[in-house]
Structure formats: structure tokens, C-alpha cells
file coords.txt (compact mmCIF, C-alpha atoms)
# COMPACT_ATOMS: atom_id res chain seq x y z
CA MET A 144 6.28 25.48 -63.48
CA SER A 145 9.50 23.54 -63.27
CA ASP A 146 9.41 19.82 -63.94
CA ASN A 147 11.13 19.23 -60.57
CA ALA A 148 8.53 21.14 -58.60
CA GLN A 149 6.73 19.03 -56.00
CA PRO A 150 2.97 19.24 -55.57
CA PRO A 151 1.86 20.93 -52.38
CA SER A 152 1.62 18.49 -49.50
CA ARG A 153 -1.85 17.72 -48.26
CA ALA A 154 -2.52 18.45 -44.63
CA GLN A 155 -2.87 15.34 -42.51
CA ILE A 156 -6.17 15.16 -40.71
CA ILE A 157 -6.37 13.27 -37.44
CA HIS A 158 -9.61 11.33 -37.50
CA GLU A 159 -9.24 9.50 -34.20
CA ILE A 160 -6.99 9.46 -31.17
CA ILE A 161 -6.45 6.11 -29.49
CA TRP A 162 -5.75 7.30 -25.98
CA SER A 163 -4.51 3.92 -24.78
CA GLU A 164 -1.71 4.07 -27.36
CA ALA A 165 -0.93 7.77 -27.11
CA PHE A 166 -0.92 7.68 -23.31
CA PRO A 167 -0.36 4.13 -22.03
CA TRP A 168 -0.80 5.31 -18.45
CA TRP A 169 -4.46 5.87 -19.34
CA ILE A 170 -4.90 2.31 -18.07
CA LEU A 171 -4.56 3.73 -14.55
CA LEU A 172 -7.96 5.38 -14.97
CA LYS A 173 -9.54 2.05 -15.78
CA ALA A 174 -7.78 0.41 -12.84
CA ALA A 175 -9.02 3.16 -10.53
CA GLY A 176 -12.56 2.43 -11.66
CA MET A 177 -12.10 -1.22 -10.67
CA ALA A 178 -11.78 -0.12 -7.04
CA PHE A 179 -15.54 0.51 -7.03
CA ALA A 180 -16.30 -3.06 -8.15
CA PRO A 181 -18.24 -5.04 -5.51
CA THR A 182 -15.73 -7.90 -5.66
CA VAL A 183 -12.83 -5.56 -4.86
CA LEU A 184 -14.76 -3.82 -2.08
CA ILE A 185 -15.73 -7.11 -0.43
CA LEU A 186 -12.21 -8.55 -0.64
CA ALA A 187 -10.68 -5.36 0.75
CA THR A 188 -13.22 -5.26 3.57
CA LEU A 189 -12.56 -8.89 4.52
CA ALA A 190 -8.81 -8.24 4.51
CA SER A 191 -9.20 -5.10 6.63
CA ALA A 192 -11.33 -7.02 9.13
CA GLY A 193 -8.78 -9.82 9.25
CA THR A 194 -5.94 -7.37 9.77
CA TRP A 195 -7.81 -5.64 12.57
CA ALA A 196 -8.62 -8.96 14.26
CA GLY A 197 -4.97 -10.03 14.26
CA PHE A 198 -3.76 -6.69 15.55
CA SER A 199 -6.39 -6.74 18.30
CA LEU A 200 -5.25 -10.19 19.38
CA LEU A 201 -1.65 -9.01 19.61
CA ASP A 202 -2.81 -6.00 21.61
CA SER A 203 -4.60 -8.31 24.06
CA LEU A 204 -1.38 -10.29 24.45
CA GLY A 205 0.40 -7.12 25.55
CA LEU A 206 2.77 -6.89 22.59
CA PRO A 207 3.50 -3.20 21.90
CA ALA A 208 2.79 -1.87 18.44
CA GLY A 209 5.80 0.42 18.09
CA VAL A 210 8.17 2.97 19.58
CA SER A 211 6.31 5.87 21.14
CA ALA A 212 8.09 6.96 24.31
CA PRO A 213 10.93 9.50 24.26
CA ILE A 214 14.44 8.27 25.08
CA GLN A 215 17.19 9.72 27.18
CA VAL A 216 20.58 10.96 26.07
CA ASP A 217 23.16 11.07 28.86
CA GLN A 218 20.28 10.57 31.33
CA VAL A 219 18.69 13.89 30.28
CA PRO A 220 15.08 13.37 29.14
CA LEU A 221 14.10 14.92 25.87
CA PRO A 222 11.12 17.27 25.68
CA ASP A 223 7.79 15.56 25.25
CA SER A 224 7.48 16.97 21.73
CA GLU A 225 10.65 15.20 20.63
CA GLU A 226 9.84 11.71 19.42
CA THR A 227 12.35 8.98 18.78
CA ARG A 228 12.11 9.15 15.01
CA SER A 229 13.12 12.84 15.02
CA ILE A 230 16.47 12.40 16.78
CA PHE A 231 18.09 10.06 14.27
CA PRO A 232 21.22 11.57 12.71
CA THR A 233 19.69 11.28 9.25
CA PRO A 234 20.91 13.71 6.56
CA GLY A 235 17.52 13.92 4.85
CA LEU A 236 15.80 15.34 7.92
CA GLY A 237 18.19 18.27 7.98
CA VAL A 238 18.40 18.87 4.25
CA LEU A 239 14.73 18.33 3.44
CA PRO A 240 12.84 19.05 6.66
CA THR A 241 9.63 20.04 4.88
CA LEU A 242 9.55 16.88 2.80
CA SER A 243 10.36 14.74 5.83
CA ALA A 244 7.51 16.30 7.78
CA GLN A 245 4.91 15.36 5.16
CA ALA A 246 4.64 11.85 6.63
CA GLU A 247 2.90 13.39 9.63
CA ARG A 248 0.21 14.79 7.31
CA LEU A 249 -0.85 11.37 6.03
CA PRO A 250 -4.25 9.98 7.05
CA THR A 251 -4.22 8.49 10.55
CA PRO A 252 -4.72 4.82 9.47
CA VAL A 253 -1.90 5.10 6.92
CA ARG A 254 0.40 6.85 9.41
CA ASP A 255 -0.27 4.25 12.09
CA LEU A 256 0.37 1.40 9.67
CA LEU A 257 3.63 2.95 8.48
CA HIS A 258 4.64 3.35 12.12
CA ILE A 259 4.00 -0.36 12.77
CA LEU A 260 5.79 -1.51 9.62
CA SER A 261 8.81 0.71 10.30
CA THR A 262 9.33 -0.31 13.94
CA PRO A 263 11.30 -3.53 13.16
CA TRP A 264 13.88 -1.29 11.45
CA ASN A 265 13.98 1.26 14.27
CA PRO A 266 17.36 1.11 16.08
CA LEU A 267 15.66 2.34 19.26
CA ALA A 268 13.04 -0.42 19.39
CA THR A 269 13.23 -2.70 22.42
CA SER A 270 13.05 -6.47 22.08
CA ARG A 271 9.33 -6.46 22.94
CA GLN A 272 8.63 -3.61 20.54
CA PHE A 273 10.56 -5.39 17.81
CA ALA A 274 8.69 -8.65 18.42
CA GLY A 275 5.30 -6.96 18.59
CA SER A 276 5.79 -4.97 15.42
CA LEU A 277 7.34 -7.92 13.58
CA CYS A 278 4.35 -10.11 14.45
CA ARG A 279 2.04 -7.42 13.12
CA CYS A 280 4.07 -7.15 9.91
CA ILE A 281 3.91 -10.92 9.41
CA TRP A 282 0.17 -10.97 10.01
CA PHE A 283 -0.35 -8.03 7.66
CA LEU A 284 1.66 -9.75 4.92
CA LEU A 285 -0.15 -13.04 5.47
CA VAL A 286 -3.65 -11.57 5.26
CA TRP A 287 -2.97 -9.31 2.32
CA SER A 288 -1.03 -11.96 0.43
CA ILE A 289 -4.34 -13.78 0.10
CA PHE A 290 -6.70 -10.91 -0.61
CA ALA A 291 -4.31 -8.58 -2.49
CA THR A 292 -3.37 -11.42 -4.84
CA SER A 293 -7.08 -12.04 -5.42
CA ILE A 294 -7.70 -8.36 -6.16
CA ALA A 295 -4.66 -8.14 -8.44
CA ARG A 296 -5.86 -11.14 -10.46
CA PHE A 297 -9.40 -9.80 -10.74
CA VAL A 298 -8.23 -6.35 -11.87
CA ALA A 299 -5.65 -7.76 -14.29
CA LEU A 300 -8.32 -9.83 -16.05
CA ARG A 301 -10.64 -6.85 -16.26
CA LEU A 302 -7.89 -4.56 -17.59
CA VAL A 303 -7.31 -6.85 -20.57
CA ASP A 304 -11.08 -7.23 -21.12
CA GLU A 305 -11.18 -10.89 -20.24
CA GLU A 306 -14.32 -12.51 -18.89
CA GLN A 307 -15.01 -11.25 -15.39
CA PRO A 308 -14.24 -14.01 -12.87
CA SER A 309 -16.73 -14.77 -10.14
CA PHE A 310 -16.06 -13.85 -6.54
CA ARG A 311 -15.43 -17.50 -5.67
CA GLU A 312 -12.96 -17.94 -8.52
CA THR A 313 -11.15 -14.75 -7.56
CA LEU A 314 -10.83 -15.75 -3.92
CA ARG A 315 -9.80 -19.28 -4.88
CA PHE A 316 -6.92 -17.85 -6.89
CA GLY A 317 -5.72 -15.87 -3.86
CA THR A 318 -5.94 -18.85 -1.51
CA LYS A 319 -3.94 -20.91 -3.99
CA LYS A 320 -1.24 -18.40 -4.97
CA TRP A 321 -0.75 -16.50 -1.71
CA PRO A 322 2.48 -18.39 -0.74
CA ALA A 323 4.23 -16.88 -3.76
CA ALA A 324 3.25 -13.34 -2.72
CA PHE A 325 4.06 -13.96 0.96
CA ASN A 326 7.39 -15.69 0.34
CA SER A 327 8.58 -12.97 -2.03
CA ALA A 328 8.57 -10.51 0.87
CA THR A 329 9.90 -13.11 3.31
CA PHE A 330 12.94 -13.99 1.18
CA VAL A 331 13.92 -10.33 0.81
CA PHE A 332 13.50 -9.81 4.56
CA PHE A 333 15.76 -12.76 5.40
CA GLY A 334 18.30 -11.45 2.93
CA MET A 335 18.37 -8.15 4.79
CA ILE A 336 18.75 -9.96 8.12
CA ALA A 337 21.69 -11.98 6.76
CA LEU A 338 23.42 -8.84 5.52
CA ALA A 339 22.87 -7.19 8.91
CA LEU A 340 24.72 -9.93 10.85
CA PRO A 341 28.21 -8.39 10.37
CA GLY A 342 26.86 -5.10 11.68
CA ALA A 343 25.40 -6.91 14.68
CA ALA A 344 28.83 -8.37 15.41
CA LEU A 345 30.39 -4.93 15.28
CA GLY A 346 27.60 -3.72 17.53
CA LEU A 347 28.97 -5.96 20.27
CA LEU A 348 32.20 -3.97 20.13
CA MET A 349 30.24 -0.72 20.34
CA ARG A 350 29.20 -1.64 23.88
CA PHE A 351 32.65 -0.45 24.93
CA ASP A 352 34.18 2.98 24.35
CA TRP A 353 37.30 1.51 22.78
CA GLY A 354 35.14 -0.60 20.46
CA LEU A 355 33.09 2.45 19.59
CA ALA A 356 36.31 4.20 18.51
CA VAL A 357 37.27 1.22 16.34
CA VAL A 358 33.87 1.05 14.69
CA GLY A 359 33.92 4.83 14.19
CA VAL A 360 37.00 4.40 11.99
CA LEU A 361 35.35 1.55 10.08
CA TRP A 362 32.00 3.30 9.80
CA PRO A 363 32.40 4.25 6.08
CA LEU A 364 32.76 0.55 5.26
CA ILE A 365 29.65 -0.22 7.29
CA LEU A 366 27.76 2.48 5.44
CA LEU A 367 28.81 0.92 2.13
CA GLY A 368 27.49 -2.42 3.31
CA ALA A 369 24.28 -0.77 4.46
CA VAL A 370 23.76 0.54 0.93
CA VAL A 371 22.96 -3.01 -0.16
CA ILE A 372 20.51 -3.41 2.72
CA ALA A 373 18.94 -0.07 1.77
CA ILE A 374 18.50 -1.26 -1.82
CA LEU A 375 16.73 -4.37 -0.56
CA GLY A 376 14.69 -2.37 1.95
CA ILE A 377 13.45 0.15 -0.61
CA GLY A 378 12.80 -2.70 -3.03
CA LEU A 379 10.77 -4.51 -0.38
CA ALA A 380 8.73 -1.45 0.61
CA ALA A 381 8.05 -0.14 -2.89
CA GLY A 382 8.36 -3.41 -4.77
CA TRP A 383 6.14 -5.78 -2.77
CA PRO A 384 2.96 -4.45 -4.44
CA LEU A 385 4.67 -5.16 -7.77
CA MET A 386 5.52 -8.67 -6.53
CA VAL A 387 1.89 -9.29 -5.67
CA ALA A 388 0.86 -7.91 -9.05
CA ALA A 389 3.41 -10.17 -10.76
CA VAL A 390 1.82 -13.20 -9.10
CA GLY A 391 -1.63 -12.05 -10.18
CA VAL A 392 -0.60 -11.29 -13.77
CA GLU A 393 2.01 -13.95 -14.51
CA ARG A 394 0.93 -16.76 -12.12
CA GLY A 395 4.63 -16.95 -11.29
CA ASP A 396 6.55 -18.05 -8.22
CA SER A 397 8.28 -15.99 -5.55
CA PHE A 398 11.63 -15.75 -7.32
CA GLN A 399 10.06 -14.55 -10.55
CA ALA A 400 8.06 -11.96 -8.61
CA ILE A 401 11.18 -10.70 -6.81
CA SER A 402 13.22 -10.58 -10.00
CA THR A 403 10.65 -8.68 -12.05
CA ALA A 404 9.72 -6.27 -9.26
CA PHE A 405 13.31 -5.25 -8.51
CA SER A 406 14.13 -5.07 -12.21
CA TYR A 407 11.19 -2.84 -13.08
CA LEU A 408 11.56 -0.66 -9.97
CA TYR A 409 15.27 0.11 -10.36
CA GLN A 410 15.37 0.22 -14.17
CA ARG A 411 12.43 2.62 -14.42
CA PRO A 412 12.37 4.62 -11.16
CA ILE A 413 11.16 7.79 -12.90
CA HIS A 414 8.35 5.88 -14.60
CA PHE A 415 7.41 4.32 -11.26
CA ALA A 416 7.36 7.74 -9.59
CA PHE A 417 5.26 9.21 -12.40
CA TYR A 418 2.72 6.42 -12.28
CA GLY A 419 2.66 6.76 -8.50
CA PHE A 420 1.95 10.49 -8.82
CA ILE A 421 -0.91 9.88 -11.25
CA SER A 422 -2.26 7.22 -8.90
CA CYS A 423 -2.18 9.66 -5.98
CA VAL A 424 -4.17 12.20 -7.98
CA LEU A 425 -6.70 9.53 -8.89
CA ALA A 426 -6.80 8.39 -5.26
CA VAL A 427 -7.75 11.89 -4.11
CA LEU A 428 -10.55 12.00 -6.67
CA GLY A 429 -11.66 8.47 -5.81
CA PHE A 430 -11.69 9.14 -2.08
CA PHE A 431 -13.62 12.34 -2.68
CA ALA A 432 -16.24 10.48 -4.68
CA ALA A 433 -16.47 7.60 -2.20
CA GLY A 434 -16.49 9.91 0.82
CA LEU A 435 -19.12 12.16 -0.75
CA PHE A 436 -21.30 9.15 -1.49
CA ALA A 437 -20.95 7.79 2.07
CA ASP A 438 -21.60 11.17 3.69
CA THR A 439 -24.58 11.85 1.45
CA THR A 440 -26.04 8.43 2.22
CA VAL A 441 -25.85 9.06 5.98
CA MET A 442 -27.20 12.59 5.60
CA PHE A 443 -30.24 11.53 3.59
CA ALA A 444 -30.94 8.65 5.96
CA LEU A 445 -31.05 11.10 8.87
CA TRP A 446 -32.90 13.66 6.76
CA SER A 447 -35.69 11.24 5.94
CA GLY A 448 -35.96 10.20 9.58
CA SER A 449 -36.03 13.78 10.77
CA PHE A 450 -39.53 14.28 9.34
CA GLY A 451 -40.84 11.79 11.84
CA MET A 452 -38.54 12.57 14.78
CA GLY A 453 -38.86 16.33 14.79
CA HIS A 454 -36.06 18.86 15.23
CA ASP A 455 -35.29 18.37 18.92
CA ARG A 456 -35.26 14.58 18.77
CA THR A 457 -33.18 14.64 15.58
CA ALA A 458 -30.59 16.91 17.22
CA ASN A 459 -30.46 14.60 20.24
CA VAL A 460 -29.98 11.46 18.13
CA ILE A 461 -27.34 13.02 15.86
CA GLY A 462 -25.42 14.36 18.86
CA ALA A 463 -25.49 10.96 20.60
CA VAL A 464 -24.33 9.14 17.47
CA ALA A 465 -21.56 11.68 16.85
CA GLN A 466 -20.35 11.36 20.45
CA GLY A 467 -19.28 7.79 19.71
CA VAL A 468 -19.42 6.16 23.15
CA GLY A 469 -21.15 6.41 26.47
CA ASP A 470 -24.80 6.34 25.45
CA PRO A 471 -26.61 3.38 27.10
CA ARG A 472 -29.47 3.29 24.57
CA TRP A 473 -29.29 0.21 22.37
CA GLY A 474 -30.73 2.07 19.38
CA ILE A 475 -27.98 4.70 19.52
CA GLN A 476 -25.37 1.97 19.78
CA ALA A 477 -26.85 0.28 16.72
CA LEU A 478 -26.74 3.55 14.75
CA GLN A 479 -23.13 4.06 15.85
CA PHE A 480 -22.31 0.53 14.70
CA TRP A 481 -23.71 1.10 11.22
CA THR A 482 -22.01 4.49 10.96
CA SER A 483 -18.72 2.89 11.97
CA SER A 484 -19.33 0.14 9.40
CA LEU A 485 -19.61 2.76 6.67
CA ARG A 486 -16.38 4.29 7.92
CA VAL A 487 -14.65 0.90 7.77
CA LEU A 488 -16.02 0.35 4.28
CA LEU A 489 -14.63 3.71 3.20
CA SER A 490 -11.21 2.81 4.63
CA SER A 491 -11.39 -0.55 2.87
CA PHE A 492 -12.05 1.30 -0.37
CA GLY A 493 -8.61 2.87 0.02
CA TRP A 494 -6.95 -0.52 0.24
CA GLY A 495 -9.00 -1.79 -2.67
CA PHE A 496 -7.91 1.23 -4.70
CA PHE A 497 -4.26 0.62 -3.82
CA TRP A 498 -4.31 -3.02 -4.89
CA SER A 499 -6.31 -2.18 -8.02
CA ILE A 500 -3.67 0.29 -9.14
CA ALA A 501 -0.74 -2.06 -8.44
CA PRO A 502 -1.33 -4.47 -11.39
CA ALA A 503 -1.84 -1.51 -13.75
CA ILE A 504 1.52 -0.02 -12.73
CA TYR A 505 3.10 -3.47 -13.11
CA LEU A 506 1.75 -3.81 -16.66
CA LEU A 507 3.02 -0.34 -17.58
CA LEU A 508 6.51 -1.01 -16.20
CA ARG A 509 6.59 -4.40 -17.89
CA GLN A 510 5.74 -2.77 -21.20
CA SER A 511 8.50 -0.20 -20.73
CA VAL A 512 11.19 -2.69 -19.68
CA ASP A 513 10.30 -5.88 -21.57
CA ALA A 514 8.26 -4.39 -24.45
CA THR A 515 5.38 -6.69 -23.54
CA GLU A 516 1.92 -5.69 -24.65
CA LEU A 517 -0.40 -4.46 -21.91
CA ASP A 518 -3.06 -7.05 -22.71
CA GLU A 519 -0.79 -10.07 -22.26
CA ILE A 520 -1.37 -12.01 -19.07
CA VAL A 521 -1.09 -15.70 -18.24
CA LEU A 522 -4.57 -17.19 -18.41
CA ASP A 523 -3.95 -20.92 -18.15
CA GLU A 524 -2.51 -22.70 -15.16
CA PRO A 525 1.13 -23.61 -15.91
CA ALA A 526 2.14 -27.21 -15.84
CA GLY A 527 2.74 -28.37 -12.30
CA GLY A 528 1.25 -25.02 -10.94
call {"tool": "encode", "arguments": {"input": "coords.txt", "output": "C-alpha cells"}}
result
Amino acid sequence: MSDNAQPPSRAQIIHEIIWSEAFPWWILLKAAGMAFAPTVLILATLASAGTWAGFSLLDSLGLPAGVSAPIQVDQVPLPDSEETRSIFPTPGLGVLPTLSAQAERLPTPVRDLLHILSTPWNPLATSRQFAGSLCRCIWFLLVWSIFATSIARFVALRLVDEEQPSFRETLRFGTKKWPAAFNSATFVFFGMIALALPGAALGLLMRFDWGLAVVGVLWPLILLGAVVIAILGIGLAAGWPLMVAAVGVERGDSFQAISTAFSYLYQRPIHFAFYGFISCVLAVLGFFAAGLFADTTVMFALWSGSFGMGHDRTANVIGAVAQGVGDPRWGIQALQFWTSSLRVLLSSFGWGFFWSIAPAIYLLLRQSVDATELDEIVLDEPAGG
């Protein structure tokens, strides 16, 4: 054997895989599990009830929730199937019709909420529709700034294996730090309004045919200006959950939340999309588990009662409860109330899941952009905070 010959290399044996280091997004699984925590469920349920109460009050005041009626072009009414959002001259609707149509396949509560939140930006919204939808957006942001900040703080502490805060401590954090979460969205919104003022001035010219011709020539410049508004709009829609998470993790102010959210979102858009995709997969599994548990609970409650009621009475009771309204019997109304309560709780689970995932995505993006460890969060109250 030659003196320069090297001894055969020994095969490396992997004794252990640390999944959290090999796949940092594994933290999303832990965050998804936090959605089942009683504290998260209670906070999400309270926020959902508060949101519903505010929306109901606005409904009683006669403020419309959004744009729903078809419009007329040259005094010719559109078919009933044509809704206002489908007539916009948007390139994406023509190039990607299948993708654009997926919004209609979302769950009804999510679709209705998106409709309300999008109405202030709808060019076809009337003044009353704009005011009604804007009031609902403000109320939604106000309520969830309190409870989402609380959930984000609770989940962030649990993700880094800190001592679990009590429900009172978690809610106290939200009631103290909600202005930072609320103002972060408000400042971006006012920035968009300020940038839209030149377009509003040109809109006055568009009331006349000659002005419309002038603006038509200048339209490429207006589109360039609208790019900035679009950047802010997308940042507000996709970045506000990150802003709330930033407040919960960093205990920062509104400007810090805006800065970090926009930075992480636009520097790592592919990462954000990937984490969003994983979160959607986990959401489907989570909703399946929660829905299965709720349905099984109701089924076994009726099953146990059926032994005493008998088949005919059981069929009558189940049919009356499923009908929803119209039965004068107080007992049926009580059963409908508790069934509806379970339905509300299941819907609240969705919101709790969403706000549980948000701080995990924030931590992952922060690690990618700033090289900050996942387990680093601000624990102590900053001076003057």
C-alpha cells in the first residue's frame, strides 16, 4: 500500500434529526396547535361576538354593507348574473379567469368579510356604501386590534416555551397595546388616501368629455402613481397580520410594526407565500378536526336522547332544529340556540387559528430577513412603554 493512500472514510451515521432546525417552518405546526387552546378560543369568540354586535348596529342604522346591485352602462341594465365586481376592466380577470373565480369558492363568512373590506376601494361604491363599509372596517380593526394582539402575544410566548400567561394577563396586554396595532393600519390607510388626492382632482375633469380625453392621454402617469397605492394596499391587506404579530412579539409601536411588516413581506414574498400555503393546508386539517369534533358532539347528544324520545319524536325534534326558524316551542328554540352557539364557536376557531399562525409566520420571516433566532421575543416592558 502506498504511503500516500488515505484510509477509507467512515460512513456518517445520523443519530438524530432536529426538525426545528432542518425545517424552521415546523413551528407552524406548533402554532396551529395553539388554536385549540382555551385562551385562544375564548378570545376569538369574544372578538367574533363584538364584531357581530358592531355590524348589527350599523345594519340597524341603515348603513349598507357593500355594493350588490348591478349598474347600468349607457342606460342599458346588465343581466342579473353580472355583478359590479365582474365588469371592471382588470387584466387579471381576463388572463386568469379561473384563479379570479376562486374567491367565490371561499367559505361564506370569509367571502362576506372580504366583500365588506373591499367596498371602500370599489370605484362603483356610492357615498352611503363607502361610509357603511368604512365604518365596518374601522370597527373590525378596532375589535381585532385588541383581541388579535392578545392572541399573538399568548401564542408567541408559547412558541418560545415561556411560562404560559393567564387569560387576564393576555387580555391586559391586548387592551394596553391595541393602539399600536390599530394605528399601524390607520397610518397606511391615510397614506393611501393622501396619494389618491391627485387622482381625485383629475376625476373632476373626467366629468366632462373633453376632460376625459385629457385624462386618457395622462392615464399611464396615473397608473404609475397607482402602483405606489397598490404597494401600500397589498402591504396593508397582507401585512396587517404581521403588524399585529410584531406588536405581540416585539412590544413595539406602530411605526416599527409597519416597517418590519412591509420589509419582511416585500423582501421575502416567496417565503411568505410558502408559509401561507402550509398554513392553508394546516387550516384544512384543523377545521376538519374541529368540525368533526363539533358534529360528533351534537350527534352523540341527540343519539343519547333518542333512547328516551323514540324514533318518531327524535325525527320531529331533529327536523325542527334543522329548520332553523318558525317553531314556536321554547325547547326547540333553546336547542337551536345551542346548536348555533357551536357553529359560532367553530367559526371563531377559524379566526383563532388565523391569529395563531400570524406570529409564527412573523418569526420565520424575521429569521430569514434579520437572522434573528426564533425564540427571541421581548419579555420585559420597555422603558416608557
call {"tool": "closest_residue", "arguments": {"input": "coords.txt", "among": "A:Val358, A:Val298, A:Leu507, A:Ala196", "to": "A:Ala343", "atoms": "all atoms listed in the file"}}
result
A:Val358
call {"tool": "closest_residue", "arguments": {"input": "coords.txt", "among": "A:Cys423, A:Leu385, A:Leu355, A:Leu186", "to": "A:Val286", "atoms": "all atoms listed in the file"}}
result
A:Leu186
call {"tool": "closest_residue", "arguments": {"input": "coords.txt", "among": "A:Ser491, A:Gln272, A:Thr262, A:Ser327", "to": "A:Asp202", "atoms": "all atoms listed in the file"}}
result
A:Gln272
call {"tool": "closest_residue", "arguments": {"input": "coords.txt", "among": "A:Ala380, A:Ala178, A:Val390, A:Ala323", "to": "A:Ile500", "atoms": "only C-alpha atoms"}}
result
A:Ala178
call {"tool": "atom_distance", "arguments": {"input": "coords.txt", "atom1": "atom CA of A:Arg456", "atom2": "atom CA of A:Phe443"}}
result
16.3 Å
